[in-house]
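J.: See model_15.csv below, with CSV, C-alpha atoms and all ligand atoms.
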chain,number,residue,atom,x,y,z
A,1,MET,CA,23.8,7.1,-33.6
A,2,LEU,CA,26.3,6.9,-30.8
A,3,ARG,CA,24.8,10.1,-29.3
A,4,ILE,CA,21.5,8.3,-29.2
A,5,VAL,CA,22.9,5.3,-27.6
A,6,ASP,CA,24.8,7.3,-25.0
A,7,ALA,CA,21.8,9.5,-24.1
A,8,ASN,CA,19.5,6.5,-23.8
A,9,LEU,CA,21.9,4.5,-21.7
A,10,ASN,CA,22.2,7.5,-19.4
A,11,ARG,CA,18.5,7.8,-19.1
A,12,ILE,CA,18.2,4.1,-18.3
A,13,GLY,CA,20.8,4.4,-15.6
A,14,GLU,CA,19.2,7.4,-14.0
A,15,GLY,CA,15.7,6.1,-14.2
A,16,LEU,CA,16.5,2.8,-12.8
A,17,ARG,CA,18.5,4.4,-10.0
A,18,ILE,CA,15.4,6.4,-9.0
A,19,LEU,CA,13.2,3.3,-9.0
A,20,GLU,CA,15.9,1.4,-7.0
A,21,ASP,CA,16.0,4.1,-4.4
A,22,ILE,CA,12.2,4.2,-4.0
A,23,ALA,CA,12.2,0.4,-3.6
A,24,ARG,CA,15.0,0.6,-1.1
A,25,PHE,CA,14.2,3.6,1.0
A,26,THR,CA,10.5,4.2,0.6
A,27,LEU,CA,9.4,0.5,0.4
A,28,ASN,CA,12.3,-1.1,2.3
A,29,ASP,CA,12.0,-3.8,-0.2
A,30,LEU,CA,15.4,-5.5,-0.6
A,31,GLU,CA,14.2,-8.0,-3.3
A,32,ILE,CA,12.9,-5.4,-5.7
A,33,SER,CA,15.8,-3.0,-5.1
A,34,GLU,CA,18.3,-5.8,-5.8
A,35,GLN,CA,16.5,-6.8,-9.0
A,36,LEU,CA,16.7,-3.2,-10.2
A,37,LYS,CA,20.3,-3.0,-9.3
A,38,ILE,CA,21.2,-6.1,-11.2
A,39,LEU,CA,19.2,-4.8,-14.2
A,40,ARG,CA,21.1,-1.5,-14.1
A,41,HIS,CA,24.5,-3.2,-13.9
A,42,ASP,CA,23.5,-5.6,-16.7
A,43,LEU,CA,22.5,-2.9,-19.1
A,44,LEU,CA,25.2,-0.4,-18.8
A,45,PRO,CA,28.2,-1.2,-20.9
A,46,LYS,CA,31.3,-2.6,-19.1
A,47,ASN,CA,33.5,-2.8,-22.2
A,48,ARG,CA,36.1,0.1,-21.9
A,49,THR,CA,36.3,0.7,-25.6
A,50,VAL,CA,32.5,1.0,-25.9
A,51,GLN,CA,32.5,3.4,-22.9
A,52,LYS,CA,35.2,5.6,-24.5
A,53,ARG,CA,33.4,5.8,-27.8
A,54,LEU,CA,30.2,6.8,-26.2
A,55,LEU,CA,31.9,9.4,-24.0
A,56,SER,CA,33.6,10.9,-27.1
A,57,ALA,CA,30.3,11.1,-28.9
A,58,ARG,CA,28.7,13.1,-26.1
A,59,LYS,CA,27.9,16.7,-26.7
A,60,ALA,CA,25.5,17.6,-23.9
A,61,GLU,CA,26.0,21.4,-24.5
A,62,GLU,CA,24.8,21.0,-28.1
A,63,ASP,CA,21.7,19.0,-27.2
A,64,VAL,CA,18.8,20.9,-28.6
A,65,GLY,CA,16.3,19.0,-26.4
A,66,ALA,CA,18.1,19.5,-23.1
A,67,PHE,CA,15.7,22.0,-21.6
A,68,LEU,CA,12.6,21.0,-23.4
A,69,ASP,CA,10.5,20.4,-20.3
A,70,VAL,CA,6.9,19.2,-20.7
A,71,GLU,CA,4.2,20.2,-18.4
A,72,SER,CA,3.9,16.9,-16.7
A,73,GLU,CA,7.4,17.0,-15.4
A,74,ALA,CA,6.3,19.6,-12.8
A,75,GLU,CA,3.3,17.6,-11.8
A,76,ARG,CA,5.0,14.5,-10.3
A,77,THR,CA,3.4,14.9,-6.9
A,78,ASP,CA,3.9,11.6,-5.2
A,79,ALA,CA,6.0,8.5,-5.3
A,80,VAL,CA,3.5,6.6,-7.6
A,81,SER,CA,3.7,9.2,-10.3
A,82,LEU,CA,7.5,9.4,-9.9
A,83,VAL,CA,7.7,5.6,-10.4
A,84,SER,CA,5.3,5.7,-13.4
A,85,ALA,CA,7.2,8.6,-15.1
A,86,ASN,CA,10.6,7.0,-14.6
A,87,SER,CA,9.5,3.5,-15.6
A,88,ARG,CA,8.1,5.0,-18.7
A,89,ARG,CA,11.4,6.8,-19.4
A,90,VAL,CA,13.4,3.7,-18.9
A,91,GLN,CA,11.0,1.6,-21.0
A,92,GLN,CA,11.1,4.1,-23.9
A,93,SER,CA,14.9,4.2,-23.8
A,94,LEU,CA,15.1,0.4,-23.8
A,95,ARG,CA,12.9,0.4,-26.8
A,96,VAL,CA,15.1,3.0,-28.6
A,97,LEU,CA,18.2,0.9,-27.9
A,98,GLU,CA,16.4,-2.3,-29.0
A,99,GLU,CA,15.7,-0.7,-32.4
A,100,VAL,CA,19.2,0.8,-32.8
A,101,ALA,CA,20.8,-2.5,-31.7
A,102,LYS,CA,18.9,-4.4,-34.3
A,103,ILE,CA,20.8,-2.4,-37.0
A,104,TYR,CA,24.1,-1.3,-35.3
A,105,GLY,CA,24.2,-4.0,-32.6
A,106,GLU,CA,27.4,-5.7,-33.8
A,107,GLU,CA,29.2,-2.5,-34.5
A,108,TYR,CA,28.5,-1.1,-31.0
A,109,GLY,CA,28.5,-4.3,-29.1
A,110,LEU,CA,24.8,-4.0,-28.2
A,111,ASP,CA,22.4,-7.0,-27.8
A,112,TRP,CA,18.9,-6.0,-28.8
A,113,ASP,CA,17.4,-9.1,-27.2
A,114,LYS,CA,18.8,-8.0,-23.8
A,115,PHE,CA,17.0,-4.6,-24.1
A,116,LYS,CA,13.8,-6.3,-25.0
A,117,HIS,CA,14.0,-8.7,-22.0
A,118,ALA,CA,14.8,-5.8,-19.7
A,119,ARG,CA,11.8,-3.9,-20.9
A,120,PHE,CA,9.4,-6.7,-20.1
A,121,ASN,CA,11.1,-7.3,-16.8
A,122,LEU,CA,10.6,-3.6,-16.0
A,123,TYR,CA,6.9,-3.8,-16.8
A,124,MET,CA,6.5,-6.3,-14.0
A,125,LEU,CA,8.8,-4.5,-11.6
A,126,GLU,CA,6.9,-1.3,-12.1
A,127,GLN,CA,3.6,-3.1,-11.3
A,128,LYS,CA,5.1,-4.6,-8.1
A,129,ILE,CA,6.4,-1.2,-7.0
A,130,VAL,CA,3.2,0.7,-7.7
A,131,LEU,CA,1.0,-1.8,-6.0
A,132,LYS,CA,3.3,-1.9,-2.9
A,133,LEU,CA,3.3,1.9,-2.8
A,134,LEU,CA,-0.5,2.0,-2.9
A,135,ARG,CA,-0.6,-0.5,0.0
A,136,GLN,CA,1.8,1.6,2.0
A,137,HIS,CA,-0.4,4.6,1.3
A,138,LYS,CA,-3.4,2.8,2.7
A,139,LYS,CA,-1.5,1.5,5.7
A,140,ALA,CA,-0.5,5.1,6.6
A,141,LYS,CA,-4.2,5.9,6.8
A,142,VAL,CA,-4.9,3.5,9.6
A,143,SER,CA,-5.7,6.0,12.3
A,144,GLY,CA,-8.5,7.6,14.2
A,145,LEU,CA,-12.0,6.2,14.6
A,146,TYR,CA,-12.6,2.8,13.0
A,147,VAL,CA,-16.3,2.0,13.0
A,148,ILE,CA,-17.4,-1.6,12.6
A,149,ILE,CA,-20.7,-2.0,10.9
A,150,ASP,CA,-21.8,-5.2,12.6
A,151,ALA,CA,-24.9,-6.9,11.2
A,152,GLU,CA,-26.2,-7.9,14.6
A,153,ALA,CA,-25.6,-4.5,16.3
A,154,LEU,CA,-27.4,-2.6,13.5
A,155,LYS,CA,-30.9,-3.3,14.9
A,156,GLY,CA,-32.6,-2.9,11.6
A,157,ARG,CA,-30.8,0.4,10.6
A,158,ASN,CA,-29.6,0.8,7.1
A,159,GLU,CA,-25.8,0.0,6.8
A,160,VAL,CA,-25.1,2.6,4.1
A,161,GLU,CA,-26.8,5.4,6.1
A,162,VAL,CA,-25.0,4.3,9.2
A,163,ALA,CA,-21.7,4.4,7.2
A,164,ARG,CA,-22.4,7.9,5.9
A,165,GLN,CA,-23.2,9.2,9.4
A,166,ALA,CA,-20.1,7.6,10.9
A,167,ILE,CA,-17.9,9.2,8.3
A,168,GLN,CA,-19.6,12.6,8.7
A,169,GLY,CA,-18.9,12.2,12.4
A,170,GLY,CA,-15.2,11.8,11.6
A,171,ALA,CA,-14.6,8.0,11.2
A,172,LYS,CA,-11.5,7.3,9.1
A,173,MET,CA,-12.1,3.6,8.6
A,174,LEU,CA,-15.2,1.4,8.3
A,175,GLN,CA,-15.5,-2.4,8.5
A,176,LEU,CA,-18.2,-4.6,7.3
A,177,ARG,CA,-18.6,-7.4,9.8
A,178,ASP,CA,-21.5,-9.8,9.0
A,179,LYS,CA,-21.4,-13.4,10.2
A,180,VAL,CA,-25.1,-14.0,9.3
A,181,ARG,CA,-26.1,-13.0,5.8
A,182,PRO,CA,-25.2,-15.0,2.7
A,183,LYS,CA,-22.4,-13.6,0.5
A,184,GLY,CA,-24.7,-13.0,-2.4
A,185,MET,CA,-26.3,-10.2,-0.3
A,186,LEU,CA,-23.0,-9.0,1.2
A,187,VAL,CA,-21.2,-8.3,-2.0
A,188,PRO,CA,-23.5,-5.6,-3.3
A,189,LEU,CA,-23.6,-4.1,0.2
A,190,ALA,CA,-19.8,-4.1,0.4
A,191,GLN,CA,-19.6,-2.5,-3.0
A,192,GLU,CA,-21.9,0.3,-1.9
A,193,LEU,CA,-20.0,0.8,1.4
A,194,LYS,CA,-16.7,1.0,-0.5
A,195,LYS,CA,-18.2,3.8,-2.7
A,196,VAL,CA,-19.3,5.7,0.4
A,197,CYS,CA,-15.8,5.4,2.0
A,198,ALA,CA,-13.9,6.3,-1.2
A,199,GLN,CA,-15.9,9.5,-1.5
A,200,SER,CA,-14.4,10.6,1.8
A,201,ASP,CA,-11.0,9.0,1.5
A,202,ALA,CA,-11.9,6.6,4.4
A,203,LEU,CA,-10.6,3.1,4.3
A,204,PHE,CA,-13.1,0.2,3.8
A,205,ILE,CA,-12.2,-3.1,5.3
A,206,VAL,CA,-14.1,-6.4,5.0
A,207,ASN,CA,-14.1,-8.8,8.0
A,208,ASP,CA,-13.4,-12.5,7.5
A,209,TYR,CA,-14.3,-12.9,3.8
A,210,LEU,CA,-11.5,-12.6,1.3
A,211,ASP,CA,-13.9,-13.2,-1.6
A,212,VAL,CA,-16.2,-10.3,-0.5
A,213,ALA,CA,-13.1,-8.1,-0.1
A,214,ILE,CA,-11.9,-8.8,-3.6
A,215,ALA,CA,-15.4,-8.6,-5.2
A,216,SER,CA,-16.0,-5.2,-3.6
A,217,ASP,CA,-12.5,-3.8,-4.3
A,218,ALA,CA,-12.3,-3.1,-0.5
A,219,ASP,CA,-9.1,-1.4,0.8
A,220,GLY,CA,-8.4,-4.5,2.9
A,221,LEU,CA,-9.3,-7.6,4.8
A,222,HIS,CA,-9.5,-8.2,8.5
A,223,ILE,CA,-8.7,-11.6,9.9
A,224,GLY,CA,-8.6,-13.2,13.3
A,225,GLN,CA,-6.5,-16.0,14.7
A,226,GLU,CA,-8.9,-18.7,13.5
A,227,ASP,CA,-9.7,-17.3,10.1
A,228,LEU,CA,-8.1,-17.8,6.7
A,229,PRO,CA,-4.3,-18.2,7.4
A,230,PHE,CA,-2.4,-15.0,6.7
A,231,ALA,CA,-0.1,-16.4,4.1
A,232,GLU,CA,-3.0,-17.7,2.0
A,233,ALA,CA,-4.9,-14.5,2.3
A,234,ARG,CA,-1.8,-12.5,1.2
A,235,LYS,CA,-1.3,-14.7,-1.8
A,236,MET,CA,-4.9,-14.2,-3.0
A,237,LEU,CA,-5.5,-10.6,-2.1
A,238,PRO,CA,-4.2,-8.0,-4.6
A,239,ALA,CA,-0.9,-6.5,-3.5
A,240,ASP,CA,-2.3,-3.0,-3.1
A,241,LYS,CA,-4.7,-4.2,-0.4
A,242,ILE,CA,-4.0,-4.2,3.3
A,243,ILE,CA,-4.5,-7.0,5.8
A,244,GLY,CA,-5.3,-6.4,9.5
A,245,CYS,CA,-4.9,-9.2,12.1
A,246,SER,CA,-6.5,-9.6,15.5
A,247,SER,CA,-4.3,-10.5,18.4
A,248,ALA,CA,-4.9,-10.9,22.1
A,249,THR,CA,-1.2,-11.5,23.1
A,250,LEU,CA,2.2,-10.0,22.4
A,251,ASP,CA,3.3,-13.2,20.7
A,252,GLU,CA,0.3,-13.2,18.4
A,253,ALA,CA,0.9,-9.6,17.5
A,254,LEU,CA,4.6,-10.2,16.8
A,255,GLN,CA,3.8,-13.2,14.6
A,256,ALA,CA,1.3,-11.2,12.7
A,257,GLU,CA,3.8,-8.5,12.1
A,258,ARG,CA,6.5,-11.0,10.9
A,259,GLN,CA,4.0,-12.5,8.5
A,260,GLY,CA,3.4,-9.0,7.0
A,261,ALA,CA,0.2,-7.7,8.6
A,262,ASP,CA,-0.4,-4.1,7.7
A,263,TYR,CA,-2.0,-3.3,11.0
A,264,ILE,CA,-2.6,-5.2,14.2
A,265,ALA,CA,-5.8,-5.1,16.2
A,266,VAL,CA,-5.3,-5.7,19.9
A,267,GLY,CA,-8.4,-6.8,21.9
A,268,SER,CA,-10.4,-7.1,23.7
A,269,ILE,CA,-9.2,-4.1,25.7
A,270,TYR,CA,-12.2,-4.2,28.1
A,271,PRO,CA,-14.8,-7.0,28.6
A,272,THR,CA,-17.6,-6.5,26.1
A,273,PRO,CA,-21.0,-8.1,25.6
A,274,THR,CA,-20.7,-7.5,21.8
A,275,LYS,CA,-18.4,-10.5,21.4
A,276,PRO,CA,-19.1,-13.0,24.2
A,277,GLY,CA,-16.2,-15.3,25.1
A,278,THR,CA,-13.5,-13.1,23.5
A,279,ARG,CA,-10.1,-13.1,25.2
A,280,LEU,CA,-9.2,-10.1,27.3
A,281,ALA,CA,-5.9,-8.4,26.3
A,282,GLY,CA,-6.3,-5.2,28.3
A,283,LEU,CA,-4.3,-1.9,28.2
A,284,LYS,CA,-1.1,-3.6,29.4
A,285,ILE,CA,-0.9,-5.8,26.3
A,286,LEU,CA,-1.9,-2.8,24.1
A,287,ARG,CA,1.0,-0.8,25.5
A,288,ARG,CA,3.5,-3.7,25.0
A,289,VAL,CA,2.4,-4.4,21.5
A,290,LYS,CA,2.7,-0.7,20.6
A,291,GLN,CA,6.2,-0.7,22.0
A,292,LYS,CA,7.3,-3.7,20.0
A,293,VAL,CA,5.7,-3.4,16.6
A,294,SER,CA,6.2,-0.8,13.9
A,295,VAL,CA,2.9,-1.3,12.1
A,296,PRO,CA,-0.2,0.7,13.2
A,297,VAL,CA,-2.0,-0.6,16.2
A,298,VAL,CA,-5.8,-0.7,16.5
A,299,ALA,CA,-7.5,-1.1,19.9
A,300,ILE,CA,-10.8,-2.9,20.1
A,301,GLY,CA,-13.3,-4.2,22.5
A,302,GLY,CA,-15.5,-2.4,25.0
A,303,ILE,CA,-14.2,1.1,24.1
A,304,ASN,CA,-16.5,4.0,24.7
A,305,GLU,CA,-16.5,7.7,25.4
A,306,ASP,CA,-15.5,7.1,29.1
A,307,ASN,CA,-12.4,5.1,28.4
A,308,ILE,CA,-11.2,6.0,24.9
A,309,ALA,CA,-8.8,8.7,26.2
A,310,GLU,CA,-6.8,6.1,28.2
A,311,VAL,CA,-6.7,3.8,25.2
A,312,ILE,CA,-5.2,6.6,23.1
A,313,ARG,CA,-2.7,7.3,25.9
A,314,ALA,CA,-1.7,3.6,25.9
A,315,GLY,CA,-0.6,4.1,22.3
A,316,ALA,CA,-3.5,3.1,20.0
A,317,ASP,CA,-3.2,4.6,16.5
A,318,ALA,CA,-6.8,3.8,15.8
A,319,VAL,CA,-9.8,2.7,17.9
A,320,ALA,CA,-12.4,0.2,16.6
A,321,VAL,CA,-15.8,0.3,18.1
A,322,ILE,CA,-19.2,-1.3,17.5
A,323,SER,CA,-21.7,-0.5,20.3
A,324,ALA,CA,-20.3,2.9,21.2
A,325,VAL,CA,-21.4,4.1,17.8
A,326,LEU,CA,-24.1,1.7,16.7
A,327,SER,CA,-26.1,1.7,20.0
A,328,ALA,CA,-26.1,5.5,20.2
A,329,ASP,CA,-29.2,7.5,19.2
A,330,SER,CA,-27.2,9.5,16.7
A,331,VAL,CA,-24.4,7.6,14.9
A,332,LYS,CA,-23.0,10.9,13.7
A,333,LYS,CA,-22.9,12.6,17.1
A,334,ALA,CA,-21.4,9.6,18.8
A,335,SER,CA,-18.7,9.4,16.1
A,336,GLN,CA,-18.0,13.1,16.5
A,337,ARG,CA,-17.6,12.8,20.3
A,338,LEU,CA,-15.2,9.9,20.0
A,339,THR,CA,-13.3,11.5,17.2
A,340,LYS,CA,-12.9,14.7,19.3
A,341,ILE,CA,-11.4,12.7,22.2
A,342,ILE,CA,-9.1,10.8,19.9
A,343,GLU,CA,-7.8,14.0,18.3
A,344,LYS,CA,-7.3,15.7,21.6
A,345,GLY,CA,-5.3,12.6,22.9
A,346,SER,CA,-3.2,12.2,19.7
A,347,ALA,CA,-2.3,15.9,19.7
A,348,ARG,CA,-0.5,15.6,23.0
B,401,LIG,N1,-13.2,-8.2,18.5
B,401,LIG,C1,-12.7,-8.1,19.8
B,401,LIG,S1,-13.8,-7.3,20.8
B,401,LIG,C2,-14.9,-7.1,19.6
B,401,LIG,C3,-14.4,-7.7,18.4
B,401,LIG,C4,-15.1,-7.7,17.1
B,401,LIG,C5,-16.2,-6.4,19.8
B,401,LIG,C6,-16.1,-4.9,19.8
B,401,LIG,O1,-17.4,-4.4,20.0
B,401,LIG,P1,-17.6,-3.2,21.1
B,401,LIG,O2,-19.1,-3.1,21.1
B,401,LIG,O3,-17.0,-2.0,20.5
B,401,LIG,O4,-17.1,-3.7,22.4
B,402,MG,MG,-12.8,-13.1,12.0
As structure tokens, what does this structure read like?

T.:
Amino acid sequence: MLRIVDANLNRIGEGLRILEDIARFTLNDLEISEQLKILRHDLLPKNRTVQKRLLSARKAEEDVGAFLDVESEAERTDAVSLVSANSRRVQQSLRVLEEVAKIYGEEYGLDWDKFKHARFNLYMLEQKIVLKLLRQHKKAKVSGLYVIIDAEALKGRNEVEVARQAIQGGAKMLQLRDKVRPKGMLVPLAQELKKVCAQSDALFIVNDYLDVAIASDADGLHIGQEDLPFAEARKMLPADKIIGCSSATLDEALQAERQGADYIAVGSIYPTPTKPGTRLAGLKILRRVKQKVSVPVVAIGGINEDNIAEVIRAGADAVAVISAVLSADSVKKASQRLTKIIEKGSAR
């Protein structure tokens, strides 16, 4: 029994340490990593006599299961599977200790209730870590050509077909921007667009509407300075979804980053008839924002084949366009040309 207790305590310590390091170094999340650290310290025995008894019972060289690897151990390809596998390990060990402690608790100084609480605590922490990792993964994909499917610029063309063409032409992100149609019509359209994006690993973002983003399981939401306040949107949007914020000044961009924006859109870079009355930010603000923030920066407004190279040179990670793609005769060819220039510029 002591060998079981010893082995499971070791497993718990090791598994929690991996989770803690992922929270600390991969997610930079102080709160989660501290919670895991406290959990680890709380669970491992501090009583010297108990520690000694456990050490004396250890016979690692006689462990018949020591090298019994299962297939899935070699398959842990990313941080999410690492977190899932290690959470499972810790949860199972906590369960074992809970059962052992119910019978031998007094003799070994183990409290079964503590293991049970820790197990439930870990279910929640695992969920938090996984959702945050998934968000980080999406955030890392903010790059390249970002095509905004704007209802008014479509001129009767079919959104889904336009989306397919844009992706075939190299777009890495799509946004549904529709300030006209009722949401009852937008939700099925958004769901369809999400499917098209998911097939090609492109990000699908909904402009303005949190409810449509949630209903369509979009990868994220885009909000402007006068839309739903960031904090409210973050509270209501699932933790694995990203939020992008528009900004026209360095102060707005810095504030958005402080609030937790996953990307910052800077615009308008050039004057544009697509959004009359929009504030002009220009390349200078784009450069300054890029220097000051660490989240990806998206440039928007009046960008086309003639000026996109200088936008990339100014530091944009992604370029959002409406008319340069939607007004072209061929959505696919226009996307291809823009993508090519972006790739050339980014390779420098
Ligand atoms: N936000 C700032 S400028 C702009 C938006 C939505 C319009 C971008 O459209 P275009 O046609 O690429 O200039
Ligand atoms: Mg808006």

J.: Could I get the residues of region 72-135 of chain A with an atom no further than 12 Å from an atom of region 44-48 of chain A, each paired with its nearest atom pair and that distance in Å to one decimal, using only C-alpha atoms, sorted by chain and residue number, as JSON lines?

T.:
{"residue": "A:Leu94", "atom": "CA", "partner": "A:Leu44", "partner_atom": "CA", "distance": 11.3}
{"residue": "A:Leu97", "atom": "CA", "partner": "A:Leu44", "partner_atom": "CA", "distance": 11.6}
{"residue": "A:Tyr108", "atom": "CA", "partner": "A:Pro45", "partner_atom": "CA", "distance": 10.1}
{"residue": "A:Gly109", "atom": "CA", "partner": "A:Asn47", "partner_atom": "CA", "distance": 8.7}
{"residue": "A:Leu110", "atom": "CA", "partner": "A:Pro45", "partner_atom": "CA", "distance": 8.5}
{"residue": "A:Asp111", "atom": "CA", "partner": "A:Pro45", "partner_atom": "CA", "distance": 10.7}
{"residue": "A:Lys114", "atom": "CA", "partner": "A:Leu44", "partner_atom": "CA", "distance": 11.1}
{"residue": "A:Phe115", "atom": "CA", "partner": "A:Leu44", "partner_atom": "CA", "distance": 10.6}
{"residue": "A:Ala118", "atom": "CA", "partner": "A:Leu44", "partner_atom": "CA", "distance": 11.8}

J.: Would you kindly return, as a list in words, each protein, DNA or RNA residue with an atom no farther than 12 Å from any atom of Gln127 (chain A), considering only C-alpha atoms and excluding same-chain residues fewer than 3 positions away?

T.: Leu19, Ile32, Val80, Val83, Ser84, Ser87, Arg88, Phe120, Asn121, Leu122, Tyr123, Met124, Val130, Leu131, Lys132, Leu133, Leu134, Pro238, Ala239 and Asp240 of chain A

J.: Kindly provide, as JSON, numbers by chain, all nucleotide and amino acid residues lying within 10 Å of ligand MG 402 (chain B), counting all atoms listed in the file.

T.: {"A": [177, 178, 179, 206, 207, 208, 209, 221, 222, 223, 224, 225, 226, 227, 228, 245, 246]}

J.: List all protein, DNA and RNA residues that have any atom at most 7 Å from ligand LIG 401 (chain B), counting all atoms listed in the file, and write the list as a ChimeraX atom specification.

T.: /A:267-268,272-275,278,300-303,320-324

J.: So the first atom is CA of Ala7 (chain A) and the second is CA of Ile129 (chain A); what is the distance between them in Å, to one decimal place?

T.: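 Spanning CA of Ala7 (chain A) to CA of Ile129 (chain A) is a straight-line distance of 25.4 Å.
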
J.: From the set A:Leu125, A:Glu99, A:Lys284, A:Leu54, which residue has the shortest atom-to-atom contact distance to Ala23 (chain A), counting only C-alpha atoms?

T.: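 Residue with the minimum atom-to-atom distance to Ala23 (chain A): A:Leu125.
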
J.: Report, in Å with one decimal, the straight-line distance from CA of Val142 (chain A) to CA of Glu34 (chain A).

T.: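 Between these atoms lies a distance of 29.4 Å.
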
J.: Could you check the closest approach to Val331 (chain A) for each of A:Val295, A:Ile38, A:Ala166, A:Val289 and tell me which residue wins, using all atoms listed in the file?

T.: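 Closest to Val331 (chain A) of all the choices is A:Ala166.
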
J.: One number please: CA of Ala85 (chain A) to CA of Lys195 (chain A), in Å, one decimal.

T.: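 Between CA of Ala85 (chain A) and CA of Lys195 (chain A) the gap works out to 28.7 Å.
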
J.: Would you mind telling me which residue in A:Leu27, A:Glu161, A:Leu176, A:Glu305 lies nearest to Ile149 (chain A) when using all atoms listed in the file?

T.: A:Leu176

J.: When distances are computed from all atoms listed in the file, which of A:Arg288, A:Gly244, A:Lys128, A:Ala309 shows the smallest separation from Asp29 (chain A)?

T.: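 Of all the options, A:Lys128 lies closest to Asp29 (chain A).
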
J.: Pick the closest to Thr249 (chain A) from A:Val180, A:Gly277, A:Arg234, A:Ala265: which is it, counting all atoms listed in the file?

T.: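 Among the listed residues, the smallest separation from Thr249 (chain A) belongs to A:Ala265.
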
J.: With all atoms listed in the file as the atoms that count, which of A:Ile12, A:Val212, A:Ile148, A:Ala314 lies nearest to Gly184 (chain A)?

T.: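 Selected residue with least distance to Gly184 (chain A): A:Val212.
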
J.: Counting all atoms listed in the file, what is within 12 Å of Ile308 (chain A), bar same-chain residues fewer than 6 positions away, as a list in words?

T.: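 Contacts, in chain order: Gly144, Leu145, Ile269, Tyr270, Leu283, Ala299, Ile300, Gly301, Gly302, Ala314, Gly315, Ala316, Asp317, Ala318, Val319, Ala320, Val321, Ala324, Arg337, Leu338, Thr339, Lys340, Ile341, Ile342, Glu343, Lys344, Gly345 and Ser346 of chain A.
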
J.: Applying 10 Å and only C-alpha atoms, which residues near Lys59 (chain A) remain after dropping the ones on its own chain fewer than 4 positions away? List them as a count of residues only.

T.: 4

J.: Using all atoms listed in the file, find all polymer residues with an atom at most 8 Å away from the point (-9.0, -5.1, 0.9); report them as a CSV table (one decimal) with C-alpha atoms, in the coordinates of the input.

T.:
chain,number,residue,atom,x,y,z
A,204,PHE,CA,-13.1,0.2,3.8
A,205,ILE,CA,-12.2,-3.1,5.3
A,206,VAL,CA,-14.1,-6.4,5.0
A,210,LEU,CA,-11.5,-12.6,1.3
A,213,ALA,CA,-13.1,-8.1,-0.1
A,214,ILE,CA,-11.9,-8.8,-3.6
A,217,ASP,CA,-12.5,-3.8,-4.3
A,218,ALA,CA,-12.3,-3.1,-0.5
A,219,ASP,CA,-9.1,-1.4,0.8
A,220,GLY,CA,-8.4,-4.5,2.9
A,221,LEU,CA,-9.3,-7.6,4.8
A,237,LEU,CA,-5.5,-10.6,-2.1
A,238,PRO,CA,-4.2,-8.0,-4.6
A,241,LYS,CA,-4.7,-4.2,-0.4
A,242,ILE,CA,-4.0,-4.2,3.3
A,243,ILE,CA,-4.5,-7.0,5.8

J.: Could you extract region 227-257 of chain A of the given structure into a file holding C-alpha atoms, as a PDB file, in the first residue's frame?

T.:
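New file selection-v2.pdb:
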ATOM      1  CA  ASP A 227     -18.978  48.601 -30.001  1.00  0.00           C
ATOM      2  CA  LEU A 228     -19.605  46.304 -27.060  1.00  0.00           C
ATOM      3  CA  PRO A 229     -16.983  47.162 -24.388  1.00  0.00           C
ATOM      4  CA  PHE A 230     -14.038  44.753 -24.431  1.00  0.00           C
ATOM      5  CA  ALA A 231     -14.454  43.513 -20.849  1.00  0.00           C
ATOM      6  CA  GLU A 232     -18.105  42.598 -21.430  1.00  0.00           C
ATOM      7  CA  ALA A 233     -17.305  40.840 -24.685  1.00  0.00           C
ATOM      8  CA  ARG A 234     -14.462  38.884 -23.042  1.00  0.00           C
ATOM      9  CA  LYS A 235     -16.741  37.769 -20.216  1.00  0.00           C
ATOM     10  CA  MET A 236     -19.376  36.423 -22.575  1.00  0.00           C
ATOM     11  CA  LEU A 237     -17.224  34.957 -25.333  1.00  0.00           C
ATOM     12  CA  PRO A 238     -15.846  31.455 -24.692  1.00  0.00           C
ATOM     13  CA  ALA A 239     -12.231  31.544 -23.506  1.00  0.00           C
ATOM     14  CA  ASP A 240     -10.878  29.800 -26.602  1.00  0.00           C
ATOM     15  CA  LYS A 241     -12.110  32.582 -28.912  1.00  0.00           C
ATOM     16  CA  ILE A 242     -10.063  35.612 -29.866  1.00  0.00           C
ATOM     17  CA  ILE A 243     -11.070  39.273 -29.843  1.00  0.00           C
ATOM     18  CA  GLY A 244      -9.644  41.830 -32.241  1.00  0.00           C
ATOM     19  CA  CYS A 245      -9.967  45.566 -31.574  1.00  0.00           C
ATOM     20  CA  SER A 246      -9.875  48.470 -33.999  1.00  0.00           C
ATOM     21  CA  SER A 247      -7.745  51.443 -33.122  1.00  0.00           C
ATOM     22  CA  ALA A 248      -6.772  54.652 -34.869  1.00  0.00           C
ATOM     23  CA  THR A 249      -4.233  55.914 -32.312  1.00  0.00           C
ATOM     24  CA  LEU A 250      -1.351  54.507 -30.286  1.00  0.00           C
ATOM     25  CA  ASP A 251      -3.240  55.132 -27.043  1.00  0.00           C
ATOM     26  CA  GLU A 252      -6.240  53.152 -28.238  1.00  0.00           C
ATOM     27  CA  ALA A 253      -3.991  50.322 -29.342  1.00  0.00           C
ATOM     28  CA  LEU A 254      -2.152  50.230 -25.998  1.00  0.00           C
ATOM     29  CA  GLN A 255      -5.412  50.260 -24.099  1.00  0.00           C
ATOM     30  CA  ALA A 256      -6.778  47.407 -26.215  1.00  0.00           C
ATOM     31  CA  GLU A 257      -3.646  45.372 -25.519  1.00  0.00           C
TER      32      GLU A 257
END
